[in-house]
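Participant: Quick one: the structure is below, questions incoming.
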Amino acid sequence: MEVHHHAHTPRKKWTHYFWEFLMLFLAVFCGFLAENQREHYIERIRAKQYARALISDLKKDTTMIKVIIRQLKSNITRTDSLAVFLKNEPIDQIRNIDLFTISTELYRHYTWNRATLEQIKNSGGLRYFSNDSIIARISSYDAFTRHMDEDYKGDEARAHRAVEKRNQIVDHNYPHQFIISLLANRDSLMKTDYFNEMAKNGPRLLTSNINDIKIFLNEKLSIRQHYSTRAENELPELIKDAEELILLLKNEFHLE
């Protein structure tokens with residue numbers, strides 16, 4: 001009978017398995033490093049895109065804020081003129097047209113450019129910014145603008161109260177064309193014969209009580225105090241914060 005002998009494969013040494021494991025580990029680890037590096041690269045690109053868009057939004061905000069500051073200062077000047085005019089002025093020397101031309105203006109509503117900021121917050125994009133100072137300033141700026149929105153609501157309520165008080169003492173029954181001309185260019189209109197005619201033969205005050213006018217002036221002075229805070233403190237500080245954040249973003253991501 002023919003006997004078959006099985007061939008025996010030499011047993012591998014433990015060092016062989018060790019090197020196989022090491023090669024496999026290094027391959028997986030290098031793959032992990034490459035993937036991690038790729039993710040960091042993508043996040044850096046996204047952060048740079050966010051930074052560029054955020055800078056654009058911040059520049060638009062500062063332009064809008066500067067316009068509002070000019071409006072606020074104009075309103076403050078008009079209130080100061082009204083206070084000087086009414087100081088110790090007897091009721092019979094105050095014309096209806098004098099108070100009619102002193103409008104109780106509310107500065108334009110804030111129109112913050114929050115599209116990029118909202119996208120960053122909603123997508124968790126703040127994690128793309130490795131600079132903690134940038135993250136802190138973005139959050140601080142966002143909170144500041146929302147604080148200003150709340151301030152606007154208070155200013156709006158005060159302006160409405162002043163308008164209501166003004167409506168109780170001033171007769172608005174002027175010709176439509178006169179009102180249109182007044183809105184178009186108040187200073188020029190006041191130098192015309194048309195204005196003098198309206199002042200002489202136009203509507204009269206609805207009150208003969210000087211205290212009614214003083215209460216209206218108090219409303220205007222209260223508004224002036226808040227407008228002064230916005231124009232001289234809060235809004236300039238907000239512009240400063242925006243400009244510093246822009247500089248940080250440009251330096252961090254090497255943007256022009």
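We label chains A, B, ... in the order they appear in the structure tokens, count residues from 1 in each chain, and number ligands from 1 in the order shown.
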Looking only at the backbone, which of the residues in segment 34-117 of chain A does DSSP tag as alpha helix (DSSP H), as a compact mmCIF listing (two decimals) with N, CA and C atoms, in the first residue's frame?
Facilitator:
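Written out: states.txt:
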```txt
# COMPACT_ATOMS: atom_id res chain seq x y z
N ALA A 34 -3.95 61.11 7.49
CA ALA A 34 -4.24 61.77 6.21
C ALA A 34 -5.67 62.31 6.19
N GLU A 35 -6.61 61.49 6.71
CA GLU A 35 -8.01 61.92 6.74
C GLU A 35 -8.20 63.09 7.70
N ASN A 36 -7.51 63.00 8.83
CA ASN A 36 -7.60 64.08 9.81
C ASN A 36 -7.02 65.37 9.25
N GLN A 37 -5.91 65.23 8.54
CA GLN A 37 -5.29 66.39 7.93
C GLN A 37 -6.19 66.99 6.86
N ARG A 38 -6.85 66.13 6.11
CA ARG A 38 -7.76 66.59 5.06
C ARG A 38 -8.94 67.35 5.67
N GLU A 39 -9.48 66.83 6.79
CA GLU A 39 -10.59 67.50 7.46
C GLU A 39 -10.17 68.87 8.00
N HIS A 40 -8.97 68.93 8.55
CA HIS A 40 -8.46 70.21 9.05
C HIS A 40 -8.30 71.21 7.90
N TYR A 41 -7.85 70.71 6.77
CA TYR A 41 -7.67 71.57 5.60
C TYR A 41 -9.01 72.12 5.12
N ILE A 42 -10.02 71.23 5.07
CA ILE A 42 -11.35 71.65 4.64
C ILE A 42 -11.94 72.66 5.63
N GLU A 43 -11.77 72.38 6.94
CA GLU A 43 -12.28 73.30 7.95
C GLU A 43 -11.60 74.66 7.85
N ARG A 44 -10.32 74.66 7.55
CA ARG A 44 -9.59 75.92 7.41
C ARG A 44 -10.12 76.72 6.22
N ILE A 45 -10.43 76.01 5.14
CA ILE A 45 -11.00 76.68 3.96
C ILE A 45 -12.36 77.27 4.30
N ARG A 46 -13.20 76.47 5.00
CA ARG A 46 -14.52 76.96 5.39
C ARG A 46 -14.41 78.16 6.32
N ALA A 47 -13.49 78.08 7.27
CA ALA A 47 -13.30 79.19 8.21
C ALA A 47 -12.90 80.46 7.47
N LYS A 48 -12.05 80.30 6.46
CA LYS A 48 -11.61 81.46 5.68
C LYS A 48 -12.77 82.04 4.89
N GLN A 49 -13.62 81.16 4.34
CA GLN A 49 -14.80 81.63 3.61
C GLN A 49 -15.75 82.36 4.55
N TYR A 50 -15.96 81.79 5.73
CA TYR A 50 -16.81 82.45 6.73
C TYR A 50 -16.22 83.81 7.13
N ALA A 51 -14.91 83.85 7.31
CA ALA A 51 -14.24 85.08 7.73
C ALA A 51 -14.43 86.17 6.68
N ARG A 52 -14.25 85.80 5.41
CA ARG A 52 -14.40 86.78 4.33
C ARG A 52 -15.83 87.32 4.29
N ALA A 53 -16.82 86.41 4.40
CA ALA A 53 -18.22 86.84 4.38
C ALA A 53 -18.58 87.67 5.61
N LEU A 54 -18.01 87.28 6.75
CA LEU A 54 -18.29 88.01 7.99
C LEU A 54 -17.71 89.43 7.93
N ILE A 55 -16.54 89.56 7.36
CA ILE A 55 -15.94 90.88 7.19
C ILE A 55 -16.83 91.77 6.33
N SER A 56 -17.35 91.21 5.24
CA SER A 56 -18.26 91.96 4.37
C SER A 56 -19.49 92.43 5.14
N ASP A 57 -20.07 91.54 5.95
CA ASP A 57 -21.26 91.89 6.74
C ASP A 57 -20.94 92.97 7.77
N LEU A 58 -19.79 92.85 8.41
CA LEU A 58 -19.41 93.83 9.42
C LEU A 58 -19.19 95.22 8.81
N LYS A 59 -18.63 95.27 7.62
CA LYS A 59 -18.43 96.55 6.94
C LYS A 59 -19.78 97.19 6.61
N LYS A 60 -20.73 96.38 6.18
CA LYS A 60 -22.07 96.91 5.89
C LYS A 60 -22.73 97.42 7.18
N ASP A 61 -22.52 96.69 8.27
CA ASP A 61 -23.07 97.13 9.55
C ASP A 61 -22.51 98.50 9.96
N THR A 62 -21.20 98.67 9.83
CA THR A 62 -20.59 99.93 10.26
C THR A 62 -21.08 101.09 9.39
N THR A 63 -21.29 100.84 8.11
CA THR A 63 -21.83 101.89 7.24
C THR A 63 -23.23 102.29 7.69
N MET A 64 -24.06 101.30 8.00
CA MET A 64 -25.42 101.55 8.49
C MET A 64 -25.39 102.29 9.82
N ILE A 65 -24.51 101.91 10.72
CA ILE A 65 -24.43 102.54 12.04
C ILE A 65 -24.04 104.01 11.91
N LYS A 66 -23.11 104.32 11.01
CA LYS A 66 -22.68 105.71 10.82
C LYS A 66 -23.82 106.59 10.33
N VAL A 67 -24.67 106.04 9.48
CA VAL A 67 -25.85 106.79 9.01
C VAL A 67 -26.77 107.08 10.18
N ILE A 68 -26.99 106.08 11.04
CA ILE A 68 -27.88 106.25 12.19
C ILE A 68 -27.30 107.28 13.17
N ILE A 69 -26.00 107.25 13.37
CA ILE A 69 -25.37 108.24 14.27
C ILE A 69 -25.63 109.65 13.76
N ARG A 70 -25.52 109.85 12.44
CA ARG A 70 -25.80 111.18 11.87
C ARG A 70 -27.26 111.57 12.11
N GLN A 71 -28.18 110.62 11.95
CA GLN A 71 -29.59 110.90 12.20
C GLN A 71 -29.83 111.28 13.65
N LEU A 72 -29.22 110.52 14.55
CA LEU A 72 -29.38 110.79 15.97
C LEU A 72 -28.86 112.18 16.34
N LYS A 73 -27.69 112.53 15.83
CA LYS A 73 -27.12 113.83 16.14
C LYS A 73 -27.96 114.96 15.57
N SER A 74 -28.55 114.74 14.40
CA SER A 74 -29.44 115.75 13.82
C SER A 74 -30.66 115.95 14.70
N ASN A 75 -31.24 114.84 15.20
CA ASN A 75 -32.39 114.93 16.09
C ASN A 75 -32.03 115.62 17.41
N ILE A 76 -30.85 115.34 17.91
CA ILE A 76 -30.39 115.97 19.15
C ILE A 76 -30.28 117.48 18.96
N THR A 77 -29.70 117.90 17.83
CA THR A 77 -29.55 119.33 17.54
C THR A 77 -30.91 120.02 17.47
N ARG A 78 -31.88 119.37 16.84
CA ARG A 78 -33.21 119.96 16.73
C ARG A 78 -33.89 120.08 18.10
N THR A 79 -33.69 119.09 18.94
CA THR A 79 -34.27 119.17 20.28
C THR A 79 -33.62 120.29 21.07
N ASP A 80 -32.31 120.45 20.94
CA ASP A 80 -31.62 121.55 21.62
C ASP A 80 -32.16 122.89 21.15
N SER A 81 -32.41 123.00 19.84
CA SER A 81 -32.95 124.25 19.30
C SER A 81 -34.35 124.52 19.85
N LEU A 82 -35.14 123.45 19.97
CA LEU A 82 -36.48 123.58 20.51
C LEU A 82 -36.44 124.04 21.96
N ALA A 83 -35.52 123.45 22.74
CA ALA A 83 -35.40 123.82 24.15
C ALA A 83 -35.01 125.29 24.31
N VAL A 84 -34.09 125.75 23.47
CA VAL A 84 -33.68 127.16 23.52
C VAL A 84 -34.84 128.06 23.13
N PHE A 85 -35.56 127.66 22.08
CA PHE A 85 -36.68 128.47 21.60
C PHE A 85 -37.79 128.60 22.65
N LEU A 86 -38.09 127.51 23.36
CA LEU A 86 -39.21 127.51 24.30
C LEU A 86 -38.84 128.05 25.69
N ASN A 96 -48.08 127.86 16.08
CA ASN A 96 -48.35 126.46 15.76
C ASN A 96 -47.30 125.91 14.80
N ILE A 97 -46.93 126.73 13.82
CA ILE A 97 -45.98 126.27 12.81
C ILE A 97 -44.60 125.99 13.39
N ASP A 98 -44.25 126.69 14.46
CA ASP A 98 -42.96 126.47 15.09
C ASP A 98 -42.83 125.05 15.63
N LEU A 99 -43.89 124.56 16.24
CA LEU A 99 -43.86 123.20 16.78
C LEU A 99 -44.16 122.16 15.70
N PHE A 100 -44.92 122.57 14.69
CA PHE A 100 -45.21 121.65 13.59
C PHE A 100 -43.95 121.27 12.84
N ALA A 115 -26.65 87.29 8.15
CA ALA A 115 -26.77 86.04 7.40
C ALA A 115 -25.59 85.10 7.68
N THR A 116 -24.38 85.62 7.58
CA THR A 116 -23.19 84.78 7.81
C THR A 116 -23.12 84.33 9.27
N LEU A 117 -23.38 85.25 10.18
CA LEU A 117 -23.32 84.93 11.60
C LEU A 117 -24.33 83.84 11.96
```
Participant: Write out as a PyMOL selection string the residues lying within 9 Å of segment 205-215 of chain A, counting only C-alpha atoms and excluding same-chain residues fewer than 6 positions away.
Facilitator: chain A and resi 86+89-92+94-97+99+165-171
